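J.: Sharing start.csv below, CSV, N, CA and C atoms:
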```
chain,number,residue,atom,x,y,z
Z,352,MET,N,0.8,-1.2,0.0
Z,352,MET,CA,0.0,0.0,0.0
Z,352,MET,C,0.9,1.2,0.0
Z,353,PRO,N,0.6,2.2,-0.9
Z,353,PRO,CA,1.5,3.4,-1.0
Z,353,PRO,C,1.3,4.3,0.2
Z,354,ASP,N,2.4,5.0,0.6
Z,354,ASP,CA,2.3,5.9,1.7
Z,354,ASP,C,1.6,7.2,1.3
Z,355,TYR,N,0.9,7.8,2.2
Z,355,TYR,CA,0.2,9.1,2.0
Z,355,TYR,C,0.9,10.2,2.6
Z,356,PHE,N,1.3,11.2,1.8
Z,356,PHE,CA,2.0,12.3,2.4
Z,356,PHE,C,1.2,13.6,2.4
Z,357,GLY,N,-0.1,13.6,2.4
Z,357,GLY,CA,-0.9,14.8,2.5
Z,357,GLY,C,-1.2,15.3,1.1
Z,358,ALA,N,-1.8,16.5,1.1
Z,358,ALA,CA,-2.2,17.2,-0.1
Z,358,ALA,C,-1.0,17.6,-0.9
Z,359,PRO,N,-1.1,17.6,-2.3
Z,359,PRO,CA,0.0,18.1,-3.1
Z,359,PRO,C,0.4,19.5,-2.8
Z,360,ASP,N,1.7,19.8,-3.1
Z,360,ASP,CA,2.2,21.1,-2.8
Z,360,ASP,C,1.4,22.3,-3.3
Z,361,HIS,N,0.9,22.2,-4.6
Z,361,HIS,CA,0.1,23.3,-5.2
Z,361,HIS,C,-1.2,23.6,-4.4
Z,362,LEU,N,-1.7,22.6,-3.7
Z,362,LEU,CA,-2.9,22.8,-2.9
Z,362,LEU,C,-2.5,23.3,-1.5
Z,363,ARG,N,-1.5,22.8,-1.0
Z,363,ARG,CA,-1.1,23.1,0.4
Z,363,ARG,C,-0.6,24.6,0.5
Z,364,ASN,N,0.1,25.1,-0.5
Z,364,ASN,CA,0.7,26.4,-0.4
Z,364,ASN,C,-0.3,27.5,-1.0
Z,365,GLN,N,-1.4,27.1,-1.6
Z,365,GLN,CA,-2.2,28.1,-2.2
Z,365,GLN,C,-2.8,29.1,-1.1
Z,366,ILE,N,-3.3,28.6,0.0
Z,366,ILE,CA,-3.9,29.4,1.0
Z,366,ILE,C,-3.2,29.0,2.3
Z,367,ALA,N,-2.7,30.0,3.0
Z,367,ALA,CA,-2.0,29.8,4.3
Z,367,ALA,C,-3.0,29.1,5.3
Z,368,PRO,N,-2.5,28.2,6.1
Z,368,PRO,CA,-3.4,27.5,7.1
Z,368,PRO,C,-4.0,28.5,8.0
Z,369,ALA,N,-5.2,28.3,8.3
Z,369,ALA,CA,-6.0,29.2,9.2
Z,369,ALA,C,-6.1,28.6,10.6
Z,370,ARG,N,-6.4,29.5,11.6
Z,370,ARG,CA,-6.6,29.0,12.9
Z,370,ARG,C,-7.8,28.2,13.1
Z,371,ASP,N,-8.9,28.7,12.5
Z,371,ASP,CA,-10.2,28.0,12.7
Z,371,ASP,C,-10.9,27.9,11.3
Z,372,ALA,N,-12.0,27.3,11.3
Z,372,ALA,CA,-12.8,27.1,10.1
Z,372,ALA,C,-13.3,28.4,9.5
Z,373,GLN,N,-13.8,29.3,10.4
Z,373,GLN,CA,-14.3,30.6,9.9
Z,373,GLN,C,-13.2,31.4,9.2
Z,374,ALA,N,-12.0,31.5,9.9
Z,374,ALA,CA,-10.9,32.2,9.3
Z,374,ALA,C,-10.5,31.6,7.9
Z,375,ARG,N,-10.5,30.3,7.8
Z,375,ARG,CA,-10.2,29.7,6.5
Z,375,ARG,C,-11.2,30.0,5.5
Z,376,CYS,N,-12.5,30.0,5.9
Z,376,CYS,CA,-13.6,30.4,4.9
Z,376,CYS,C,-13.4,31.9,4.5
Z,377,ASP,N,-13.1,32.7,5.4
Z,377,ASP,CA,-12.8,34.2,5.1
Z,377,ASP,C,-11.6,34.3,4.1
Z,378,GLN,N,-10.6,33.5,4.3
Z,378,GLN,CA,-9.4,33.5,3.4
Z,378,GLN,C,-9.8,33.1,2.0
Z,379,ILE,N,-10.6,32.0,1.9
Z,379,ILE,CA,-11.0,31.5,0.6
Z,379,ILE,C,-11.9,32.6,-0.1
Z,380,GLN,N,-12.8,33.2,0.6
Z,380,GLN,CA,-13.6,34.2,-0.1
Z,380,GLN,C,-12.8,35.4,-0.5
Z,381,ALA,N,-11.8,35.8,0.4
Z,381,ALA,CA,-11.0,37.0,0.0
Z,381,ALA,C,-10.2,36.6,-1.2
Z,382,GLU,N,-9.7,35.4,-1.3
Z,382,GLU,CA,-8.9,35.0,-2.5
Z,382,GLU,C,-9.8,35.1,-3.8
Z,383,PHE,N,-11.0,34.6,-3.6
Z,383,PHE,CA,-11.9,34.6,-4.8
Z,383,PHE,C,-12.2,36.0,-5.2
Z,384,ARG,N,-12.5,36.9,-4.3
Z,384,ARG,CA,-12.9,38.2,-4.6
Z,384,ARG,C,-11.7,39.1,-5.1
Z,385,SER,N,-10.5,38.6,-4.9
Z,385,SER,CA,-9.4,39.4,-5.3
Z,385,SER,C,-9.1,39.3,-6.8
Z,386,HIS,N,-9.9,38.5,-7.5
Z,386,HIS,CA,-9.8,38.4,-8.9
Z,386,HIS,C,-11.0,39.0,-9.6
Z,387,PRO,N,-11.0,40.3,-9.9
Z,387,PRO,CA,-12.2,40.9,-10.5
Z,387,PRO,C,-12.5,40.5,-11.9
Z,388,GLU,N,-11.6,39.8,-12.6
Z,388,GLU,CA,-11.9,39.4,-14.0
Z,388,GLU,C,-12.9,38.2,-14.0
Z,389,ARG,N,-13.1,37.6,-12.9
Z,389,ARG,CA,-14.1,36.5,-12.9
Z,389,ARG,C,-15.5,37.0,-13.0
Z,390,LYS,N,-16.2,36.3,-13.9
Z,390,LYS,CA,-17.6,36.7,-14.1
Z,390,LYS,C,-18.5,36.2,-13.0
Z,391,SER,N,-19.5,36.9,-12.7
Z,391,SER,CA,-20.5,36.4,-11.7
Z,391,SER,C,-21.3,35.2,-12.2
Z,392,ILE,N,-21.7,34.3,-11.4
Z,392,ILE,CA,-22.5,33.2,-11.8
Z,392,ILE,C,-24.0,33.6,-11.9
Z,393,ARG,N,-24.3,34.8,-11.4
Z,393,ARG,CA,-25.7,35.3,-11.4
Z,393,ARG,C,-26.0,35.8,-12.8
Z,394,ARG,N,-27.1,35.5,-13.3
Z,394,ARG,CA,-27.6,36.0,-14.6
Z,394,ARG,C,-28.9,36.7,-14.4
Z,395,ASP,N,-29.1,37.8,-15.2
Z,395,ASP,CA,-30.3,38.5,-15.2
Z,395,ASP,C,-31.4,37.5,-15.9
Z,396,PRO,N,-32.6,37.6,-15.3
Z,396,PRO,CA,-33.7,36.7,-15.9
Z,396,PRO,C,-34.0,37.2,-17.3
Z,397,GLN,N,-34.4,36.2,-18.1
Z,397,GLN,CA,-34.9,36.6,-19.5
Z,397,GLN,C,-36.1,37.5,-19.4
Z,398,PRO,N,-36.2,38.5,-20.2
Z,398,PRO,CA,-37.4,39.3,-20.2
Z,398,PRO,C,-38.7,38.5,-20.6
Z,399,LEU,N,-39.8,38.9,-20.0
Z,399,LEU,CA,-41.0,38.2,-20.3
Z,399,LEU,C,-41.4,38.4,-21.8
Z,400,ALA,N,-42.0,37.4,-22.4
Z,400,ALA,CA,-42.6,37.6,-23.7
Z,400,ALA,C,-43.7,38.7,-23.6
Z,401,ALA,N,-43.8,39.5,-24.7
Z,401,ALA,CA,-44.9,40.5,-24.6
Z,401,ALA,C,-46.3,39.9,-24.4
Z,402,ALA,N,-46.5,38.7,-24.8
Z,402,ALA,CA,-47.8,38.1,-24.6
Z,402,ALA,C,-48.0,37.8,-23.1
Z,403,LEU,N,-47.0,37.7,-22.3
Z,403,LEU,CA,-47.1,37.4,-20.9
Z,403,LEU,C,-47.2,38.7,-20.0
Z,404,VAL,N,-46.9,39.9,-20.6
Z,404,VAL,CA,-47.0,41.1,-19.9
Z,404,VAL,C,-48.4,41.6,-19.8
Z,405,PRO,N,-48.9,41.9,-18.6
Z,405,PRO,CA,-50.3,42.3,-18.5
Z,405,PRO,C,-50.6,43.7,-19.2
Z,406,THR,N,-51.8,43.9,-19.6
Z,406,THR,CA,-52.2,45.1,-20.3
Z,406,THR,C,-52.3,46.2,-19.2
Z,407,ASP,N,-52.3,47.4,-19.6
Z,407,ASP,CA,-52.6,48.5,-18.7
Z,407,ASP,C,-54.1,48.9,-18.6
Z,408,ASP,N,-54.9,48.2,-19.4
Z,408,ASP,CA,-56.3,48.5,-19.4
Z,408,ASP,C,-56.9,47.7,-18.3
Z,409,GLU,N,-57.4,48.5,-17.2
Z,409,GLU,CA,-57.9,47.9,-16.0
Z,409,GLU,C,-59.2,47.0,-16.3
Z,410,LEU,N,-60.0,47.5,-17.2
Z,410,LEU,CA,-61.2,46.7,-17.5
Z,410,LEU,C,-60.9,45.3,-18.1
Z,411,LYS,N,-59.9,45.3,-19.0
Z,411,LYS,CA,-59.5,44.0,-19.5
Z,411,LYS,C,-58.9,43.1,-18.5
Z,412,VAL,N,-58.2,43.6,-17.5
Z,412,VAL,CA,-57.6,42.9,-16.4
Z,412,VAL,C,-58.7,42.3,-15.6
Z,413,ARG,N,-59.7,43.1,-15.3
Z,413,ARG,CA,-60.9,42.7,-14.5
Z,413,ARG,C,-61.7,41.6,-15.2
Z,414,LEU,N,-61.9,41.8,-16.5
Z,414,LEU,CA,-62.6,40.8,-17.2
Z,414,LEU,C,-61.9,39.5,-17.2
Z,415,ALA,N,-60.6,39.5,-17.3
Z,415,ALA,CA,-59.8,38.3,-17.2
Z,415,ALA,C,-59.9,37.6,-15.9
Z,416,GLU,N,-59.9,38.5,-14.8
Z,416,GLU,CA,-60.1,37.9,-13.5
Z,416,GLU,C,-61.4,37.2,-13.3
Z,417,GLU,N,-62.5,37.8,-13.9
Z,417,GLU,CA,-63.8,37.2,-13.8
Z,417,GLU,C,-63.8,35.9,-14.6
Z,418,LEU,N,-63.2,35.9,-15.8
Z,418,LEU,CA,-63.1,34.6,-16.5
Z,418,LEU,C,-62.4,33.5,-15.7
Z,419,ASP,N,-61.3,33.9,-15.1
Z,419,ASP,CA,-60.6,33.0,-14.2
Z,419,ASP,C,-61.4,32.5,-13.1
Z,420,TYR,N,-62.2,33.4,-12.5
Z,420,TYR,CA,-63.1,33.0,-11.4
Z,420,TYR,C,-64.2,32.0,-11.9
Z,421,ALA,N,-64.8,32.2,-13.1
Z,421,ALA,CA,-65.7,31.3,-13.6
Z,421,ALA,C,-65.1,30.0,-13.9
Z,422,ARG,N,-63.8,30.0,-14.4
Z,422,ARG,CA,-63.1,28.7,-14.7
Z,422,ARG,C,-62.9,27.9,-13.4
Z,423,ARG,N,-62.5,28.6,-12.3
Z,423,ARG,CA,-62.3,27.9,-11.0
Z,423,ARG,C,-63.6,27.3,-10.5
Z,424,MET,N,-64.8,28.1,-10.7
Z,424,MET,CA,-66.1,27.5,-10.2
Z,424,MET,C,-66.4,26.3,-11.0
Z,425,LEU,N,-66.2,26.3,-12.4
Z,425,LEU,CA,-66.5,25.1,-13.2
Z,425,LEU,C,-65.6,24.0,-12.8
Z,426,ASP,N,-64.3,24.2,-12.5
Z,426,ASP,CA,-63.4,23.2,-12.1
Z,426,ASP,C,-63.8,22.5,-10.8
Z,427,SER,N,-64.3,23.4,-9.8
Z,427,SER,CA,-64.8,22.9,-8.5
Z,427,SER,C,-66.0,22.0,-8.7
Z,428,MET,N,-66.9,22.5,-9.6
Z,428,MET,CA,-68.1,21.7,-9.8
Z,428,MET,C,-67.8,20.4,-10.5
Z,429,GLY,N,-66.9,20.4,-11.4
Z,429,GLY,CA,-66.5,19.2,-12.1
Z,429,GLY,C,-65.8,18.2,-11.1
Z,430,ASP,N,-65.0,18.7,-10.2
Z,430,ASP,CA,-64.4,17.9,-9.2
Z,430,ASP,C,-65.4,17.2,-8.3
Z,431,GLN,N,-66.4,18.0,-7.9
Z,431,GLN,CA,-67.4,17.4,-7.0
Z,431,GLN,C,-68.3,16.4,-7.7
Z,432,LEU,N,-68.6,16.7,-9.0
Z,432,LEU,CA,-69.4,15.7,-9.7
Z,432,LEU,C,-68.7,14.4,-10.1
Z,433,SER,N,-67.4,14.6,-10.4
Z,433,SER,CA,-66.6,13.4,-10.8
Z,433,SER,C,-66.2,12.6,-9.5
Z,434,ALA,N,-66.4,13.1,-8.3
Z,434,ALA,CA,-66.2,12.3,-7.1
Z,434,ALA,C,-67.3,11.2,-6.9
Z,435,ASP,N,-68.4,11.4,-7.5
Z,435,ASP,CA,-69.5,10.5,-7.4
Z,435,ASP,C,-69.4,9.5,-8.6
Z,436,MET,N,-69.1,8.2,-8.3
Z,436,MET,CA,-68.9,7.2,-9.3
Z,436,MET,C,-70.1,7.0,-10.3
Z,437,GLY,N,-71.3,7.1,-9.7
Z,437,GLY,CA,-72.5,7.0,-10.5
Z,437,GLY,C,-72.6,8.1,-11.5
Z,438,VAL,N,-72.4,9.3,-11.1
Z,438,VAL,CA,-72.5,10.5,-12.0
Z,438,VAL,C,-71.3,10.4,-13.0
Z,439,LEU,N,-70.2,9.9,-12.6
Z,439,LEU,CA,-69.0,9.8,-13.5
Z,439,LEU,C,-69.3,8.8,-14.6
Z,440,MET,N,-69.9,7.6,-14.2
Z,440,MET,CA,-70.2,6.6,-15.2
Z,440,MET,C,-71.3,7.1,-16.2
Z,441,ARG,N,-72.3,7.8,-15.7
Z,441,ARG,CA,-73.4,8.2,-16.6
Z,441,ARG,C,-73.1,9.4,-17.4
Z,442,HIS,N,-72.3,10.3,-16.9
Z,442,HIS,CA,-72.0,11.6,-17.5
Z,442,HIS,C,-70.6,11.9,-17.8
Z,443,GLY,N,-69.8,10.9,-18.1
Z,443,GLY,CA,-68.3,11.1,-18.3
Z,443,GLY,C,-68.0,12.1,-19.4
Z,444,THR,N,-68.7,12.0,-20.5
Z,444,THR,CA,-68.5,12.9,-21.6
Z,444,THR,C,-68.8,14.4,-21.2
Z,445,ALA,N,-69.9,14.5,-20.5
Z,445,ALA,CA,-70.3,15.9,-20.1
Z,445,ALA,C,-69.3,16.5,-19.2
Z,446,LEU,N,-68.8,15.6,-18.3
Z,446,LEU,CA,-67.7,16.1,-17.3
Z,446,LEU,C,-66.5,16.5,-18.1
Z,447,GLN,N,-66.1,15.8,-19.1
Z,447,GLN,CA,-65.0,16.2,-19.9
Z,447,GLN,C,-65.2,17.5,-20.6
Z,448,SER,N,-66.5,17.7,-21.0
Z,448,SER,CA,-66.8,19.0,-21.6
Z,448,SER,C,-66.6,20.2,-20.7
Z,449,ILE,N,-67.0,19.9,-19.4
Z,449,ILE,CA,-66.8,21.0,-18.4
Z,449,ILE,C,-65.3,21.3,-18.3
Z,450,ASP,N,-64.5,20.3,-18.3
Z,450,ASP,CA,-63.0,20.5,-18.2
Z,450,ASP,C,-62.5,21.3,-19.4
Z,451,ILE,N,-63.0,21.0,-20.6
Z,451,ILE,CA,-62.6,21.7,-21.8
Z,451,ILE,C,-63.1,23.1,-21.8
Z,452,VAL,N,-64.3,23.4,-21.3
Z,452,VAL,CA,-64.8,24.7,-21.2
Z,452,VAL,C,-63.9,25.5,-20.3
Z,453,GLY,N,-63.5,24.9,-19.2
Z,453,GLY,CA,-62.6,25.6,-18.2
Z,453,GLY,C,-61.3,26.0,-18.8
Z,454,GLN,N,-60.7,25.1,-19.7
Z,454,GLN,CA,-59.5,25.4,-20.3
Z,454,GLN,C,-59.7,26.5,-21.3
Z,455,ILE,N,-60.8,26.5,-22.0
Z,455,ILE,CA,-61.0,27.6,-23.0
Z,455,ILE,C,-61.1,28.9,-22.3
Z,456,LEU,N,-61.9,28.9,-21.1
Z,456,LEU,CA,-62.0,30.2,-20.4
Z,456,LEU,C,-60.6,30.7,-19.9
Z,457,GLY,N,-59.8,29.8,-19.5
Z,457,GLY,CA,-58.4,30.2,-19.0
Z,457,GLY,C,-57.6,30.8,-20.1
Z,458,HIS,N,-57.7,30.2,-21.3
Z,458,HIS,CA,-56.9,30.8,-22.5
Z,458,HIS,C,-57.5,32.1,-22.9
Z,459,ILE,N,-58.8,32.2,-22.9
Z,459,ILE,CA,-59.4,33.5,-23.2
Z,459,ILE,C,-59.0,34.6,-22.2
Z,460,ALA,N,-59.0,34.2,-20.9
Z,460,ALA,CA,-58.6,35.1,-19.9
Z,460,ALA,C,-57.1,35.6,-20.1
Z,461,ASN,N,-56.2,34.7,-20.5
Z,461,ASN,CA,-54.9,35.1,-20.8
Z,461,ASN,C,-54.8,36.0,-22.0
Z,462,VAL,N,-55.6,35.8,-23.0
Z,462,VAL,CA,-55.5,36.7,-24.2
Z,462,VAL,C,-56.1,38.0,-23.8
Z,463,THR,N,-57.2,38.1,-23.0
Z,463,THR,CA,-57.8,39.3,-22.6
Z,463,THR,C,-56.9,40.2,-21.8
Z,464,ARG,N,-56.1,39.6,-20.9
Z,464,ARG,CA,-55.2,40.3,-20.0
Z,464,ARG,C,-53.9,40.7,-20.6
Z,465,SER,N,-53.6,40.2,-21.7
Z,465,SER,CA,-52.2,40.3,-22.3
Z,465,SER,C,-52.1,41.7,-23.0
Z,466,SER,N,-50.9,42.3,-22.9
Z,466,SER,CA,-50.6,43.5,-23.6
Z,466,SER,C,-50.3,43.2,-25.1
Z,467,ASP,N,-50.1,41.9,-25.5
Z,467,ASP,CA,-50.0,41.5,-26.9
Z,467,ASP,C,-50.9,40.4,-27.1
Z,468,PRO,N,-52.2,40.7,-27.4
Z,468,PRO,CA,-53.2,39.6,-27.6
Z,468,PRO,C,-52.9,38.6,-28.7
Z,469,ALA,N,-52.4,39.1,-29.8
Z,469,ALA,CA,-52.0,38.2,-30.9
Z,469,ALA,C,-50.9,37.3,-30.5
Z,470,GLY,N,-50.0,37.7,-29.7
Z,470,GLY,CA,-48.9,36.9,-29.2
Z,470,GLY,C,-49.5,35.9,-28.2
Z,471,ALA,N,-50.4,36.3,-27.4
Z,471,ALA,CA,-51.1,35.4,-26.4
Z,471,ALA,C,-51.8,34.3,-27.2
Z,472,VAL,N,-52.5,34.6,-28.3
Z,472,VAL,CA,-53.2,33.6,-29.1
Z,472,VAL,C,-52.2,32.6,-29.6
Z,473,GLU,N,-51.0,33.0,-30.0
Z,473,GLU,CA,-50.0,32.1,-30.5
Z,473,GLU,C,-49.5,31.1,-29.4
Z,474,ARG,N,-49.6,31.5,-28.2
Z,474,ARG,CA,-49.2,30.7,-27.1
Z,474,ARG,C,-50.2,29.6,-26.6
Z,475,ILE,N,-51.4,29.7,-27.2
Z,475,ILE,CA,-52.5,28.8,-26.8
Z,475,ILE,C,-52.1,27.4,-27.3
Z,476,GLY,N,-52.3,26.4,-26.5
Z,476,GLY,CA,-51.9,25.0,-26.8
Z,476,GLY,C,-53.1,24.2,-27.4
Z,477,MET,N,-54.3,24.7,-27.3
Z,477,MET,CA,-55.5,24.0,-27.8
Z,477,MET,C,-55.6,24.4,-29.3
Z,478,CYS,N,-55.3,23.5,-30.2
Z,478,CYS,CA,-55.2,23.8,-31.6
Z,478,CYS,C,-56.5,24.3,-32.2
Z,479,GLU,N,-57.6,23.7,-31.8
Z,479,GLU,CA,-58.9,24.1,-32.3
Z,479,GLU,C,-59.3,25.5,-31.9
Z,480,LEU,N,-59.1,25.8,-30.6
Z,480,LEU,CA,-59.3,27.2,-30.1
Z,480,LEU,C,-58.5,28.2,-30.9
Z,481,LYS,N,-57.2,27.9,-31.0
Z,481,LYS,CA,-56.3,28.8,-31.7
Z,481,LYS,C,-56.7,29.1,-33.1
Z,482,ALA,N,-57.1,28.0,-33.8
Z,482,ALA,CA,-57.6,28.1,-35.2
Z,482,ALA,C,-58.9,29.0,-35.2
Z,483,ARG,N,-59.8,28.8,-34.3
Z,483,ARG,CA,-61.0,29.6,-34.3
Z,483,ARG,C,-60.7,31.1,-34.1
Z,484,LEU,N,-59.7,31.4,-33.2
Z,484,LEU,CA,-59.4,32.7,-32.9
Z,484,LEU,C,-58.6,33.4,-34.0
Z,485,LYS,N,-57.9,32.6,-34.8
Z,485,LYS,CA,-57.0,33.1,-35.9
Z,485,LYS,C,-57.7,33.2,-37.2
Z,486,ARG,N,-58.9,32.6,-37.3
Z,486,ARG,CA,-59.5,32.6,-38.7
Z,486,ARG,C,-59.7,34.0,-39.2
Z,487,SER,N,-59.6,34.1,-40.5
Z,487,SER,CA,-59.7,35.5,-41.1
Z,487,SER,C,-61.1,36.0,-41.2
Z,488,LYS,N,-62.1,35.1,-41.4
Z,488,LYS,CA,-63.4,35.6,-41.7
Z,488,LYS,C,-64.3,35.0,-40.6
Z,489,ILE,N,-65.1,35.8,-39.9
Z,489,ILE,CA,-66.0,35.3,-38.9
Z,489,ILE,C,-67.3,34.9,-39.6
Z,490,ASP,N,-67.6,33.6,-39.5
Z,490,ASP,CA,-68.9,33.0,-40.1
Z,490,ASP,C,-70.1,33.2,-39.3
```
Render the structure in this file as structure tokens.
T.:
Amino acid sequence: MPDYFGAPDHLRNQIAPARDAQARCDQIQAEFRSHPERKSIRRDPQPLAAALVPTDDELKVRLAEELDYARRMLDSMGDQLSADMGVLMRHGTALQSIDIVGQILGHIANVTRSSDPAGAVERIGMCELKARLKRSKID
């Protein structure tokens, strides 16, 4: 078995031995801070997409809040109805429709509150709803 002689010289001599753990920590931080050319590991957050920035129109914001409230009420009703196995077995398709209506209300609320409604429509994941909102001629 090879003999162990401690840390290599380049690690032993880099920082002078400290009296206690806190002093050693202070030495390490001082060494790190003494090199201003090092870039910070902190990064500024990416700016929000314009579609995610709320509009300044208070009425639109309030309408979006009401749509969200209606969506939450539908979700609650759907949860209560789907807890009853008999109702779930007899009305499964209708309960799915309640969920879909809730999703549609949530997307419409996001478009309504957005400072970039067209961009908010582009972010909608429901293809059919997006297509209906983007159609060129209203039938």
J.: List every residue of chain Z that DSSP, applied to the backbone of this structure, places in helix (DSSP H, G or I), and write the result as a ChimeraX atom specification.
T.: /Z:360-363,372-384,401-403,409-433,436-441,443-464,468-473,478-485
J.: Between Z:Gly443, Z:Pro396, Z:Glu382, Z:Ala402, single out the one closest to Gly470 in chain Z, counting only C-alpha atoms.
T.: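 Smallest distance to Gly470 in chain Z is found for Z:Ala402.
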J.: I'd like to know which of Z:Cys478, Z:Ala415, Z:Ala434, Z:Ala471 is closest to Leu403 in chain Z, using all atoms listed in the file.
T.: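 For Leu403 in chain Z, the nearest of the candidates is Z:Ala471.
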J.: What does the distance between CA of Pro468 in chain Z and CA of Ala401 in chain Z come to in Å, to one decimal place?
T.: 8.9 Å
J.: Would you work out the distance separating atom N of Gln454 in chain Z from CA of Pro398 in chain Z, expressed in Å to one decimal?
T.: 27.3 Å
J.: Please determine, counting all atoms listed in the file, which residue among Z:Asp407, Z:Asp419, Z:Asp377, Z:Asp354 has the shortest atom-to-atom distance to Gly457 in chain Z.
T.: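 The answer is Z:Asp419, which sits nearest to Gly457 in chain Z.
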J.: Could you check the closest approach to Val452 in chain Z for each of Z:Asp467, Z:Gly437, Z:Leu399, Z:Arg422 and tell me which residue wins, using only C-alpha atoms?
T.: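 Counting only C-alpha atoms, the residue closest to Val452 in chain Z is Z:Arg422.
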J.: What is the CA of Lys411 in chain Z-CA of Ser427 in chain Z distance in Å, reported with one decimal?
T.: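 According to the coordinates, CA of Lys411 in chain Z and CA of Ser427 in chain Z are separated by 24.4 Å.
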J.: When distances are computed from all atoms listed in the file, which of Z:Leu432, Z:Ala400, Z:Leu480, Z:Ala381 shows the smallest separation from Ile455 in chain Z?
T.: Z:Leu480
J.: Restricting the calculation to all atoms listed in the file: of Z:Glu479, Z:Ser466, Z:Lys488, Z:Ile449, which residue gets closest to Val404 in chain Z?
T.: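 Residue with the minimum atom-to-atom distance to Val404 in chain Z: Z:Ser466.
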